[in-house]
file input-v4.cif (mmCIF, C-alpha atoms)
data_input
loop_
_atom_site.label_atom_id
_atom_site.label_comp_id
_atom_site.auth_asym_id
_atom_site.auth_seq_id
_atom_site.Cartn_x
_atom_site.Cartn_y
_atom_site.Cartn_z
CA MET A 197 2.80 4.08 4.63
CA SER A 198 4.58 4.97 7.83
CA ASP A 199 6.50 8.10 8.68
CA PHE A 200 10.03 8.46 9.82
CA THR A 201 10.86 11.33 12.12
CA ILE A 202 14.25 12.70 12.97
CA PHE A 203 14.37 15.00 15.95
CA SER A 204 16.97 17.68 16.38
CA ASP A 205 18.69 16.24 19.43
CA ASP A 206 18.87 12.79 17.87
CA ALA A 207 20.37 14.21 14.70
CA ALA A 208 22.91 16.11 16.80
CA LYS A 209 23.95 12.91 18.61
CA VAL A 210 24.39 11.14 15.32
CA GLN A 211 26.38 14.03 13.94
CA ARG A 212 28.77 13.94 16.88
CA LEU A 213 29.27 10.21 16.63
CA MET A 214 29.86 10.32 12.92
CA THR A 215 32.24 13.25 13.16
CA ALA A 216 34.37 11.41 15.68
CA TYR A 217 34.25 8.28 13.57
CA GLN A 218 35.19 10.14 10.43
CA ALA A 219 38.29 11.54 12.08
CA SER A 220 39.27 8.10 13.30
CA VAL A 221 38.94 6.25 10.02
CA LYS A 222 39.90 9.25 7.88
CA ALA A 223 36.88 8.98 5.69
CA GLU A 224 36.29 11.71 3.18
CA TYR A 225 32.55 11.63 3.54
CA ILE A 226 29.97 9.69 5.52
CA VAL A 227 26.23 9.80 5.17
CA LEU A 228 23.58 8.07 7.22
CA CYS A 229 20.41 7.73 5.22
CA HIS A 230 17.15 5.96 5.33
CA ARG A 231 16.87 3.13 2.88
CA ASP A 232 14.12 5.03 1.17
CA GLY A 233 16.56 7.79 0.29
CA SER A 234 16.13 10.40 3.00
CA ILE A 235 19.33 11.86 4.41
CA ILE A 236 19.60 11.75 8.18
CA ALA A 237 23.09 13.06 8.78
CA GLU A 238 26.25 13.61 6.82
CA VAL A 239 29.80 14.58 7.66
CA GLY A 240 32.45 15.72 5.26
CA SER A 241 31.84 17.17 1.87
CA LEU A 242 32.06 15.94 -1.66
CA GLY A 243 30.55 18.95 -3.36
CA ILE A 244 27.62 16.95 -4.67
CA ASP A 245 24.01 16.50 -3.72
CA ALA A 246 23.90 13.66 -1.24
CA THR A 247 20.41 12.53 -2.12
CA PRO A 248 21.22 10.79 -5.40
CA LEU A 249 24.23 9.25 -3.69
CA ALA A 250 22.01 7.89 -0.94
CA VAL A 251 19.48 6.60 -3.43
CA LEU A 252 22.07 4.89 -5.60
CA SER A 253 23.79 3.41 -2.57
CA THR A 254 20.48 2.01 -1.41
CA ALA A 255 19.93 0.56 -4.85
CA SER A 256 23.40 -1.01 -4.78
CA PHE A 257 22.85 -2.55 -1.42
CA ASP A 258 19.38 -3.79 -2.28
CA SER A 259 20.71 -5.29 -5.49
CA ALA A 260 23.38 -7.13 -3.53
CA ARG A 261 20.75 -8.43 -1.15
CA GLN A 262 18.69 -9.70 -4.05
CA VAL A 263 21.71 -11.45 -5.48
CA GLY A 264 22.28 -13.00 -2.08
CA MET A 265 18.73 -14.30 -2.01
CA MET A 266 19.25 -15.84 -5.42
CA LEU A 267 22.34 -17.55 -4.09
CA GLY A 268 20.28 -19.45 -1.58
CA GLY A 269 19.68 -16.87 1.08
CA GLU A 270 23.19 -15.51 1.38
CA ASN A 271 22.99 -12.50 3.68
CA PHE A 272 25.50 -9.97 2.44
CA GLN A 273 26.41 -7.66 5.26
CA ALA A 274 27.96 -4.88 3.24
CA VAL A 275 28.83 -3.70 -0.21
CA SER A 276 32.06 -2.05 -1.21
CA PHE A 277 33.49 -0.55 -4.35
CA THR A 278 37.06 0.47 -4.96
CA GLY A 279 38.21 2.87 -7.63
CA GLU A 280 41.40 4.61 -8.56
CA ASN A 281 40.80 7.67 -6.44
CA ARG A 282 38.03 6.72 -4.04
CA SER A 283 36.48 3.73 -2.36
CA ILE A 284 33.00 3.25 -0.96
CA TYR A 285 31.71 1.08 1.83
CA ILE A 286 27.97 0.63 2.28
CA ALA A 287 26.48 -1.18 5.23
CA PRO A 288 23.10 -1.27 6.92
CA VAL A 289 22.24 0.15 10.33
CA ASP A 290 19.55 -2.14 11.62
CA GLN A 291 16.62 -2.64 9.23
CA ALA A 292 15.85 0.81 8.02
CA LEU A 293 19.05 2.80 7.67
CA LEU A 294 22.17 2.70 5.59
CA LEU A 295 25.64 4.03 6.27
CA VAL A 296 27.66 5.09 3.25
CA GLN A 297 31.34 5.83 3.73
CA ILE A 298 33.63 7.24 1.10
CA PHE A 299 37.38 7.04 1.48
CA PRO A 300 40.18 8.58 -0.53
CA GLY A 301 42.44 6.23 -2.34
CA SER A 302 42.00 2.90 -3.96
CA LYS A 303 41.79 0.84 -0.80
CA LEU A 304 39.43 0.71 2.10
CA PRO A 305 40.90 1.01 5.58
CA ASN A 306 41.97 -2.19 7.19
CA ARG A 307 39.29 -3.83 9.29
CA ILE A 308 36.66 -1.44 8.02
CA GLU A 309 34.07 -4.05 8.90
CA ASP A 310 35.02 -3.87 12.55
CA PHE A 311 35.15 -0.11 12.58
CA ASN A 312 31.76 -0.01 10.96
CA ARG A 313 30.26 -2.47 13.39
CA LEU A 314 31.39 -0.36 16.32
CA LEU A 315 29.85 2.75 14.84
CA VAL A 316 26.60 0.98 14.10
CA GLU A 317 26.39 -0.23 17.68
CA LYS A 318 27.02 3.27 18.92
CA LEU A 319 24.42 4.74 16.63
CA VAL A 320 21.73 2.26 17.57
CA ASP A 321 22.58 2.63 21.23
CA ALA A 322 22.58 6.41 21.12
CA VAL A 323 19.39 6.82 19.16
CA PRO A 324 17.02 3.90 19.62
CA ALA A 325 14.33 6.05 18.05
CA PHE A 326 16.00 5.45 14.71
CA THR A 327 15.09 1.82 14.87
CA GLN A 328 11.77 2.20 16.59
CA ASN A 329 9.79 5.29 15.92
CA THR A 330 7.58 6.62 18.67
CA SER A 331 4.52 5.76 16.70
CA ARG A 332 3.89 4.13 13.44
CA LEU A 333 0.81 3.72 11.38
CA VAL A 334 -0.15 0.15 10.78
CA ARG A 335 -2.89 -1.32 8.69
CA MET B 14 7.71 6.81 3.31
CA SER B 15 7.60 10.41 4.32
CA SER B 16 10.32 11.59 6.56
CA ILE B 17 10.48 14.77 8.54
CA ASN B 18 13.81 15.99 9.76
CA PHE B 19 13.55 18.66 12.41
CA ALA B 20 17.29 19.19 12.41
CA THR B 21 17.51 20.15 8.75
CA ARG B 22 13.87 21.24 8.57
CA GLU B 23 13.12 19.04 5.62
CA ILE B 24 10.16 16.97 4.66
CA SER B 25 10.87 14.27 2.15
CA CYS B 26 8.27 12.28 0.24
CA LYS B 27 8.54 9.59 -2.40
CA VAL B 28 6.47 9.42 -5.54
CA VAL B 29 6.74 6.56 -7.99
CA TYR B 30 5.71 6.65 -11.62
CA TYR B 31 4.39 3.22 -12.44
CA GLY B 32 3.02 1.65 -15.57
CA PRO B 33 3.66 -0.76 -18.40
CA GLY B 34 6.79 -0.65 -20.52
CA LEU B 35 7.18 2.28 -22.88
CA SER B 36 4.15 4.09 -21.47
CA GLY B 37 6.07 7.31 -20.83
CA LYS B 38 7.21 7.15 -17.24
CA THR B 39 10.79 8.16 -17.92
CA THR B 40 9.59 10.80 -20.35
CA ASN B 41 7.55 12.36 -17.57
CA LEU B 42 10.64 12.75 -15.43
CA GLN B 43 12.69 14.05 -18.31
CA VAL B 44 10.10 16.70 -19.02
CA ILE B 45 9.96 17.72 -15.37
CA HIS B 46 13.74 17.88 -15.31
CA GLN B 47 13.81 20.10 -18.38
CA LYS B 48 11.20 22.43 -17.00
CA MET B 49 13.16 23.04 -13.82
CA PRO B 50 14.83 26.47 -13.67
CA GLN B 51 18.48 26.27 -14.58
CA ASP B 52 19.69 27.56 -11.27
CA LYS B 53 17.54 25.09 -9.33
CA ARG B 54 17.96 22.11 -11.55
CA THR B 55 19.00 18.95 -9.78
CA ASP B 56 20.59 15.95 -11.37
CA MET B 57 18.44 13.23 -12.74
CA VAL B 58 19.75 9.74 -12.24
CA SER B 59 18.90 7.09 -14.77
CA LEU B 60 19.92 3.48 -14.60
CA ALA B 61 19.02 2.35 -18.07
CA THR B 62 20.06 -0.03 -20.77
CA GLU B 63 21.87 1.08 -23.88
CA GLY B 64 18.56 1.19 -25.62
CA ASP B 65 17.31 3.71 -23.05
CA ARG B 66 14.94 1.26 -21.47
CA THR B 67 14.86 1.74 -17.72
CA LEU B 68 16.87 -1.02 -16.12
CA PHE B 69 16.51 -0.22 -12.46
CA PHE B 70 14.94 3.17 -11.96
CA ASP B 71 15.08 6.82 -12.84
CA PHE B 72 15.35 9.23 -10.00
CA LEU B 73 14.77 12.96 -9.80
CA PRO B 74 14.85 14.95 -6.57
CA LEU B 75 12.52 17.91 -6.66
CA ASN B 76 12.29 20.82 -4.27
CA LEU B 77 8.80 22.18 -4.06
CA GLY B 78 9.44 25.13 -1.84
CA ASP B 79 8.83 25.80 1.82
CA ILE B 80 5.85 24.96 3.91
CA LYS B 81 5.84 26.59 7.30
CA GLY B 82 9.60 26.83 7.27
CA PHE B 83 10.12 23.24 6.20
CA LYS B 84 11.73 22.50 2.87
CA THR B 85 9.57 20.08 0.98
CA ARG B 86 11.48 17.65 -1.10
CA PHE B 87 9.93 15.13 -3.41
CA GLN B 88 11.81 12.15 -4.73
CA LEU B 89 10.42 11.06 -8.05
CA TYR B 90 11.13 7.56 -9.21
CA THR B 91 10.18 5.54 -12.24
CA VAL B 92 10.21 1.79 -12.40
CA PRO B 93 11.14 -0.47 -15.29
CA GLY B 94 7.94 -1.40 -17.03
CA GLN B 95 8.85 -4.69 -18.60
CA VAL B 96 7.24 -7.66 -17.01
CA TYR B 97 10.37 -9.50 -15.98
CA TYR B 98 11.66 -6.63 -13.86
CA ASN B 99 9.11 -7.21 -11.15
CA SER B 100 11.60 -7.71 -8.32
CA THR B 101 13.16 -4.38 -9.21
CA ARG B 102 9.80 -2.68 -9.23
CA LYS B 103 9.14 -4.01 -5.78
CA LEU B 104 12.37 -2.57 -4.48
CA VAL B 105 11.60 0.85 -5.89
CA LEU B 106 8.08 0.78 -4.48
CA ARG B 107 9.27 0.42 -0.91
CA GLY B 108 8.31 3.39 1.21
CA VAL B 109 6.26 5.02 -1.53
CA ASP B 110 4.01 7.91 -0.56
CA GLY B 111 2.20 8.52 -3.81
CA ILE B 112 1.83 6.83 -7.16
CA VAL B 113 1.31 8.12 -10.66
CA PHE B 114 0.13 5.37 -12.94
CA VAL B 115 1.11 6.21 -16.49
CA ALA B 116 -1.17 4.30 -18.82
CA ASP B 117 -0.74 3.97 -22.57
CA SER B 118 -3.92 5.23 -24.21
CA GLN B 119 -3.53 3.07 -27.32
CA ARG B 120 -6.13 0.36 -27.75
CA SER B 121 -3.45 -2.19 -28.48
CA ARG B 122 -1.91 -1.67 -25.06
CA GLN B 123 -4.90 -2.17 -22.84
CA ALA B 124 -3.87 -5.61 -21.67
CA GLU B 125 -0.51 -4.27 -20.57
CA ASN B 126 -2.18 -1.44 -18.70
CA LEU B 127 -4.41 -3.81 -16.79
CA GLU B 128 -1.59 -6.22 -16.05
CA SER B 129 0.62 -3.43 -14.77
CA LEU B 130 -2.13 -2.05 -12.57
CA GLN B 131 -2.75 -5.45 -11.10
CA ASN B 132 0.96 -5.90 -10.61
CA LEU B 133 1.12 -2.59 -8.77
CA ARG B 134 -1.68 -3.61 -6.48
CA GLN B 135 -0.02 -6.93 -5.74
CA ASN B 136 3.39 -5.41 -5.05
CA LEU B 137 1.88 -2.92 -2.64
CA GLN B 138 0.03 -5.71 -0.87
CA ASP B 139 3.33 -7.47 -0.37
CA TYR B 140 4.38 -4.43 1.65
CA GLY B 141 1.13 -4.43 3.57
CA MET B 142 -0.13 -1.40 1.70
CA ASP B 143 -3.39 -0.86 -0.13
CA LEU B 144 -3.53 1.09 -3.34
CA ASP B 145 -6.96 2.36 -2.41
CA ASP B 146 -5.59 3.99 0.73
CA MET B 147 -2.80 6.03 -0.76
CA PRO B 148 -2.44 9.09 -2.97
CA PHE B 149 -2.90 7.85 -6.50
CA VAL B 150 -3.50 9.54 -9.83
CA LEU B 151 -3.80 8.25 -13.34
CA GLN B 152 -2.16 9.72 -16.39
CA TYR B 153 -3.50 8.67 -19.76
CA ASN B 154 -0.48 9.27 -21.93
CA LYS B 155 0.04 9.22 -25.68
CA ARG B 156 -3.19 11.02 -26.42
CA ASP B 157 -1.69 12.14 -29.72
CA MET B 158 -1.43 8.59 -31.08
CA ASP B 159 -3.88 6.99 -33.48
CA ASN B 160 -6.48 4.56 -32.29
CA VAL B 161 -6.61 5.50 -28.65
CA PHE B 162 -9.35 4.87 -26.15
CA THR B 163 -11.57 7.71 -25.11
CA LEU B 164 -11.13 8.99 -21.60
CA ASP B 165 -14.42 7.44 -20.58
CA GLU B 166 -13.33 4.07 -21.86
CA LEU B 167 -10.06 4.30 -20.03
CA ASN B 168 -11.75 5.35 -16.82
CA LYS B 169 -14.16 2.48 -17.08
CA GLU B 170 -11.31 -0.03 -17.29
CA LEU B 171 -8.67 1.55 -15.11
CA ASN B 172 -10.41 3.99 -12.79
CA PRO B 173 -13.37 2.44 -11.02
CA ARG B 174 -12.76 4.62 -7.94
CA ASN B 175 -12.70 7.81 -9.93
CA VAL B 176 -9.30 9.00 -8.77
CA PRO B 177 -7.91 12.11 -10.47
CA PHE B 178 -6.87 11.43 -14.04
CA PHE B 179 -5.06 13.51 -16.59
CA PRO B 180 -4.76 13.16 -20.33
CA ALA B 181 -1.21 13.74 -21.41
CA THR B 182 1.22 13.77 -24.25
CA ALA B 183 4.39 13.49 -22.28
CA HIS B 184 6.88 13.74 -25.12
CA ASN B 185 5.83 17.32 -25.75
CA GLY B 186 5.16 18.08 -22.12
CA LYS B 187 1.39 18.19 -22.06
CA GLY B 188 -0.22 17.09 -18.83
CA VAL B 189 3.05 16.29 -17.09
CA VAL B 190 3.25 19.17 -14.67
CA THR B 191 -0.47 19.07 -13.89
CA THR B 192 -0.14 15.43 -12.94
CA LEU B 193 2.84 16.15 -10.75
CA LYS B 194 1.17 19.04 -8.97
CA THR B 195 -1.88 16.97 -8.15
CA ILE B 196 0.02 14.01 -6.76
CA ALA B 197 2.23 16.35 -4.74
CA MET B 198 -0.82 18.01 -3.24
CA LEU B 199 -2.41 14.68 -2.38
CA VAL B 200 0.77 13.43 -0.74
CA ILE B 201 1.14 16.53 1.38
CA GLU B 202 -2.49 16.41 2.41
CA LYS B 203 -2.09 12.82 3.49
CA PHE B 204 1.11 13.63 5.34
CA ASN B 205 -0.63 16.41 7.20
CA VAL B 206 -3.52 14.21 8.18
CA LYS B 207 -1.23 11.47 9.35
CA GLN B 208 0.88 13.81 11.45
CA GLY B 209 -2.26 14.99 13.12
CA PHE B 210 -3.37 11.45 13.89
CA LEU B 211 0.01 10.47 15.27
CA ARG B 212 0.20 13.53 17.45
CA GLN B 213 -3.31 12.98 18.73
CA ALA B 214 -2.66 9.32 19.36
CA ALA B 215 0.54 10.01 21.24
CA ALA B 216 -1.21 12.61 23.36
CA ASN B 217 -4.01 10.17 24.14
CA VAL B 218 -1.65 7.48 25.19
CA GLY B 219 0.36 9.86 27.26
CA ASN B 220 3.60 7.97 27.09
CA THR B 221 6.57 7.76 24.88
CA GLY B 222 6.64 4.06 24.31
CA VAL B 223 6.30 2.44 20.96
CA HIS B 224 2.71 2.00 20.02
CA ASP B 225 0.74 1.14 16.95
CA VAL B 226 -1.78 3.57 15.60
CA SER B 227 -4.47 1.90 13.55
CA LEU B 228 -6.36 4.04 11.15
CA THR B 229 -9.73 2.48 10.47
CA LYS B 230 -13.00 3.73 9.17
CA GLU B 231 -14.23 4.08 12.73
CA GLY B 232 -11.37 6.32 13.63
CA VAL B 233 -8.04 6.05 15.31
CA SER B 234 -7.17 3.37 17.80
CA VAL B 235 -3.94 3.11 19.66
CA LYS B 236 -2.46 0.00 21.02
CA ALA B 237 0.62 0.16 23.13
CA GLN B 238 3.06 -2.55 22.41
CA ALA B 239 3.64 -4.93 25.26
CA PRO B 240 6.70 -3.87 27.14
CA ALA B 241 9.63 -6.04 26.51
CA ALA B 242 9.88 -8.82 29.02
CA PRO B 243 12.57 -8.05 31.49
CA GLN B 244 15.56 -9.84 30.30
CA GLN B 245 16.93 -12.44 32.63
CA PRO B 246 20.55 -11.98 33.22
CA ALA B 247 22.01 -14.14 30.60
CA ALA B 248 24.83 -16.44 31.11
CA ALA B 249 28.07 -14.73 30.49
CA PRO B 250 28.12 -14.18 26.77
CA ALA B 251 30.81 -15.82 24.81
CA ALA B 252 33.77 -13.59 24.45
CA SER B 253 33.83 -11.71 21.19
CA PRO B 254 35.92 -13.56 18.67
CA PHE B 255 37.81 -10.39 17.93
CA ARG B 256 39.31 -7.90 20.25
CA MET B 257 39.58 -4.35 19.08
CA PRO B 258 43.13 -3.15 19.34
CA SER B 259 43.72 -0.39 21.80
CA PHE B 260 45.65 2.51 20.43
CA ALA B 261 46.17 3.99 23.85
CA ALA B 262 49.75 4.54 24.77
CA LYS B 263 50.87 1.69 26.97
CA PRO B 264 51.94 2.78 30.41
CA PRO B 265 55.49 2.10 31.42
CA ALA B 266 55.97 -1.40 32.79
CA SER B 267 56.91 -0.09 36.20
CA ALA B 268 53.78 2.01 36.62
CA PRO B 269 50.83 0.37 38.36
CA ALA B 270 47.90 -0.40 36.12
CA GLN B 271 45.42 2.43 36.14
CA PRO B 272 41.79 2.00 35.25
CA SER B 273 41.09 3.77 32.06
CA THR B 274 39.02 6.83 32.63
CA SER B 275 39.41 8.49 29.33
CA GLY B 276 37.63 5.74 27.45
CA ALA B 277 40.68 5.37 25.31
CA GLY B 278 40.07 2.80 22.69
CA LEU B 279 39.77 2.29 19.03
CA PHE B 280 38.70 5.76 18.19
CA GLN B 281 40.95 7.51 20.58
CA LYS B 282 41.87 10.91 19.43
CA GLY B 283 42.21 12.56 22.76
CA ALA B 284 40.99 11.99 26.24
CA THR B 285 38.04 14.27 25.82
CA SER B 286 37.50 14.55 22.12
CA SER B 287 35.92 11.25 21.13
CA PRO B 288 32.72 9.82 22.54
CA PHE B 289 33.74 6.31 21.58
CA GLY B 290 34.59 4.30 24.64
CA ARG B 291 33.80 7.14 26.98
CA PRO B 292 31.60 6.17 29.90
CA ARG B 293 28.16 7.48 29.14
CA ALA B 294 27.40 10.58 31.13
CA ALA B 295 24.01 11.07 32.62
CA THR B 296 21.95 13.26 30.44
CA THR B 297 18.85 15.18 31.27
CA ILE B 298 17.80 15.35 27.67
CA PRO B 299 15.09 12.75 27.16
CA ARG B 300 15.78 10.38 24.33
CA MET B 301 12.20 10.09 23.26
CA PRO B 302 9.93 13.01 22.62
CA THR B 303 7.76 13.86 25.60
CA PHE B 304 4.31 13.78 24.16
CA GLY B 305 1.75 14.87 26.65
CA ARG B 306 4.02 14.82 29.65
CA ASP B 307 4.36 17.84 31.78
CA VAL B 308 7.98 18.55 31.03
CA ALA B 309 9.41 21.97 30.58
CA LYS B 310 10.00 22.16 26.91
CA PRO B 311 13.31 23.39 25.69
CA GLN B 312 13.23 26.15 23.17
CA ALA B 313 13.91 23.84 20.26
CA ASP B 314 10.67 21.91 20.78
CA ALA B 315 8.70 24.83 19.48
CA ASP B 316 10.16 23.99 16.10
CA ASP B 317 8.68 20.52 16.31
CA GLU B 318 5.17 21.82 16.00
CA ILE B 319 4.21 22.14 12.40
CA GLU B 320 1.00 22.49 10.55
CA LEU B 321 1.19 21.66 6.88
CA ARG B 322 -1.08 23.03 4.31
CA PRO B 323 -1.54 21.46 0.92
CA TYR B 324 0.43 22.95 -1.89
CA ILE B 325 -1.81 25.16 -3.98
CA PRO B 326 -0.12 26.43 -7.11
CA LYS B 327 -0.51 30.11 -7.72
CA LYS B 328 -2.70 31.06 -10.62
CA LYS B 329 -0.81 32.87 -13.32
#

call {"tool": "encode", "arguments": {"input": "input-v4.cif", "output": "structure tokens"}}
result
Amino acid sequence: MSDFTIFSDDAAKVQRLMTAYQASVKAEYIVLCHRDGSIIAEVGSLGIDATPLAVLSTASFDSARQVGMMLGGENFQAVSFTGENRSIYIAPVDQALLLVQIFPGSKLPNRIEDFNRLLVEKLVDAVPAFTQNTSRLVR
Amino acid sequence: MSSINFATREISCKVVYYGPGLSGKTTNLQVIHQKMPQDKRTDMVSLATEGDRTLFFDFLPLNLGDIKGFKTRFQLYTVPGQVYYNSTRKLVLRGVDGIVFVADSQRSRQAENLESLQNLRQNLQDYGMDLDDMPFVLQYNKRDMDNVFTLDELNKELNPRNVPFFPATAHNGKGVVTTLKTIAMLVIEKFNVKQGFLRQAAANVGNTGVHDVSLTKEGVSVKAQAPAAPQQPAAAPAASPFRMPSFAAKPPASAPAQPSTSGAGLFQKGATSSPFGRPRAATTIPRMPTFGRDVAKPQADADDEIELRPYIPKKK
């Protein structure tokens, strides 16, 4: 098993980026989590524990990926759900992380894919340590 | 996969309850959930069929208190035990730190126990992990049933390495918490050891590059990854097929074009409020931690030094 470390200054950078992004896209809540369920950063508030949300979002995304593999290797880039009062957009950040965005209303913002791609680029650029830890244990 | 977050001062570890179908994995989590104090009870998530068979997983986050100022959080998962859910089990196993194998003590279920154990070993191998190298305990559940194996018989079949094992009757809570405490302690011990190795390895290497730390029986060896070959300047990349709209106010037609200095762009909120599009300012804060280098440490780095001790439950 390998470890994943989040340092304070990296978390602060992520927080700033996500806060700016949230204001731009008017998301209600955004969480960046590891695909094993650990929360890295979150902005906004839903009044719920974010960990089950992160875990279930990971499960949703992984399920979609499995379905894609069954469909002959289709590589789904994101998963979204729309409800009456809220909508969710789930997309990966590189291999290990997941970005979960919750929006008010029954529709996702226009061009959410493009918004998301910009944020992902910024995140990976700002904190390369997220995608390559300083050290990792290999066997 | 353990994660340590210095910003929120949290350590998070993942424990998976594995075993054949109907062996008591979900019951274990339900018992743990019930035993949690009301004011500290977290929600348990269950993705199950209408017949209460686990479809995807059960999940229970568990706070186990503070260790040296770090909140220790365990994420407990169960997997679906039925044979045809193997791909789901693999997904849940990713990043696991410790495993509780819940075996059914009944003699009629021995084949399922063995098959599930073999399946566990195989799924871990697919992730490049070895069951023998990770925190692992056995729970022999359903000790109250008729026609069960003795503990010695079960150990002979399922426990050749003599890992910790616990008899249990999960539906009335017996053995559940003891099992959990032991696996938690083993996981934390392993985490502590690993942190020490990684710190030592990084100090030996004396750089902040990515490197692989191999833990072998002879000890620790560190191999720095080859630096990325300097990239040749590529041919001008094809223009992006989409162009992000600029929400900056367009200057009057008569005004000469000014180079944008505010980084106004898609996420413009104000000239100085959004980092998106803003030219990156030079920063003196190193992006990577400075292991071993003689750099004046900012105050916050003192928080990065931790020494974990294994969780030892207080005797009542």

call {"tool": "residues_near_point", "arguments": {"input": "input-v4.cif", "point": "(33.4, 6.3, 5.9)", "cutoff": "10 Å", "atoms": "only C-alpha atoms", "output": "list in words"}}
result
Met214, Tyr217, Gln218, Ala219, Ser220, Val221, Lys222, Ala223, Glu224, Tyr225, Ile226, Val227, Val239, Gly240, Ser283, Ile284, Tyr285, Ile286, Leu295, Val296, Gln297, Ile298, Phe299, Pro300, Leu304, Pro305, Ile308, Phe311 and Asn312 of chain A

call {"tool": "resolve_selection", "arguments": {"input": "input-v4.cif", "expression": "the PyMOL selection byres ((chain A and resi 233) around 9)", "output": "JSON, numbers by chain"}}
result
{"A": [229, 230, 231, 232, 234, 235, 247, 248, 249, 250, 251, 252, 253, 254], "B": [25, 27, 88]}

call {"tool": "axis_aligned_box", "arguments": {"input": "input-v4.cif", "around": "stretch 202-216 of chain A", "padding_each_side": "8 Å", "output": "JSON"}}
result
{"center_x": 24.3, "center_y": 13.9, "center_z": 16.2, "size_x": 36.1, "size_y": 23.5, "size_z": 22.5}

call {"tool": "resolve_selection", "arguments": {"input": "input-v4.cif", "expression": "the PyMOL selection byres ((chain A and resi 262-278) around 9)", "output": "JSON, numbers by chain"}}
result
{"A": [256, 257, 258, 259, 260, 261, 279, 280, 281, 282, 283, 284, 285, 286, 287, 288, 301, 302, 303, 304, 309], "B": [100]}

call {"tool": "atom_distance", "arguments": {"input": "input-v4.cif", "atom1": "atom CA of B:Tyr90", "atom2": "atom CA of B:Leu68"}}
result
12.4 Å

call {"tool": "residues_around", "arguments": {"input": "input-v4.cif", "residues": "stretch 131-137 of chain B", "least_positions_apart": "5", "cutoff": "9 Å", "atoms": "all atoms listed in the file", "output": "PyMOL selection string"}}
result
chain B and resi 31-32+99+102-103+106-107+126+142-145

call {"tool": "resolve_selection", "arguments": {"input": "input-v4.cif", "expression": "the PyMOL selection byres ((chain B and resi 163) around 10)", "output": "list in words"}}
result
Ser118, Gln119, Arg120, Tyr153, Arg156, Asn160, Val161, Phe162, Leu164, Asp165, Glu166, Leu167, Asn168, Lys169 and Pro180 of chain B

call {"tool": "residues_near_point", "arguments": {"input": "input-v4.cif", "point": "(2.0, 15.8, -14.6)", "cutoff": "9 Å", "atoms": "all atoms listed in the file", "output": "list of chain:residue names"}}
result
B:Asn41, B:Ile45, B:Val113, B:Gln152, B:Phe179, B:Ala181, B:Ala183, B:Gly186, B:Lys187, B:Gly188, B:Val189, B:Val190, B:Thr191, B:Thr192, B:Leu193, B:Lys194, B:Thr195, B:Ile196

call {"tool": "closest_residue", "arguments": {"input": "input-v4.cif", "among": "A:Leu294, A:Leu213, A:Ile236, A:Val289", "to": "B:Phe19", "atoms": "all atoms listed in the file"}}
result
A:Ile236

call {"tool": "residues_around", "arguments": {"input": "input-v4.cif", "residues": "B:Asn76", "least_positions_apart": "2", "cutoff": "6 Å", "atoms": "all atoms listed in the file", "output": "PDB file with C-alpha atoms, in the coordinates of the input"}}
result
ATOM      1  CA  GLY B  78       9.440  25.130  -1.840  1.00  0.00           C
ATOM      2  CA  THR B  85       9.570  20.080   0.980  1.00  0.00           C
ATOM      3  CA  ARG B  86      11.480  17.650  -1.100  1.00  0.00           C
TER       4      ARG B  86
END

call {"tool": "closest_residue", "arguments": {"input": "input-v4.cif", "among": "A:Ile244, A:Leu315, A:Val323, A:Ala237", "to": "A:Ala216", "atoms": "only C-alpha atoms"}}
result
A:Leu315

call {"tool": "closest_residue", "arguments": {"input": "input-v4.cif", "among": "A:Leu228, A:Gly243, A:Ala255, A:Asp290", "to": "chain B", "atoms": "all atoms listed in the file"}}
result
A:Ala255

call {"tool": "closest_residue", "arguments": {"input": "input-v4.cif", "among": "B:Asn172, B:Thr101, B:Gln47, B:Ser129", "to": "chain A", "atoms": "all atoms listed in the file"}}
result
B:Thr101

call {"tool": "atom_distance", "arguments": {"input": "input-v4.cif", "atom1": "atom CA of B:Val206", "atom2": "atom CA of B:Phe149"}}
result
16.0 Å

call {"tool": "residues_around", "arguments": {"input": "input-v4.cif", "residues": "B:Thr39", "least_positions_apart": "3", "cutoff": "7 Å", "atoms": "only C-alpha atoms", "output": "PyMOL selection string"}}
result
chain B and resi 42-43+71+91

call {"tool": "write_last_selection", "arguments": {"input": "input-v4.cif", "atoms": "C-alpha atoms", "output": "mmCIF file, keeping the file's coordinate frame"}}
result
data_model
loop_
_atom_site.group_PDB
_atom_site.id
_atom_site.type_symbol
_atom_site.label_atom_id
_atom_site.label_comp_id
_atom_site.auth_asym_id
_atom_site.auth_seq_id
_atom_site.Cartn_x
_atom_site.Cartn_y
_atom_site.Cartn_z
ATOM 1 C CA LEU B 42 10.640 12.750 -15.430
ATOM 2 C CA GLN B 43 12.690 14.050 -18.310
ATOM 3 C CA ASP B 71 15.080 6.820 -12.840
ATOM 4 C CA THR B 91 10.180 5.540 -12.240
#

call {"tool": "atom_distance", "arguments": {"input": "input-v4.cif", "atom1": "atom CA of B:Gly111", "atom2": "atom CA of A:Asp206"}}
result
27.7 Å
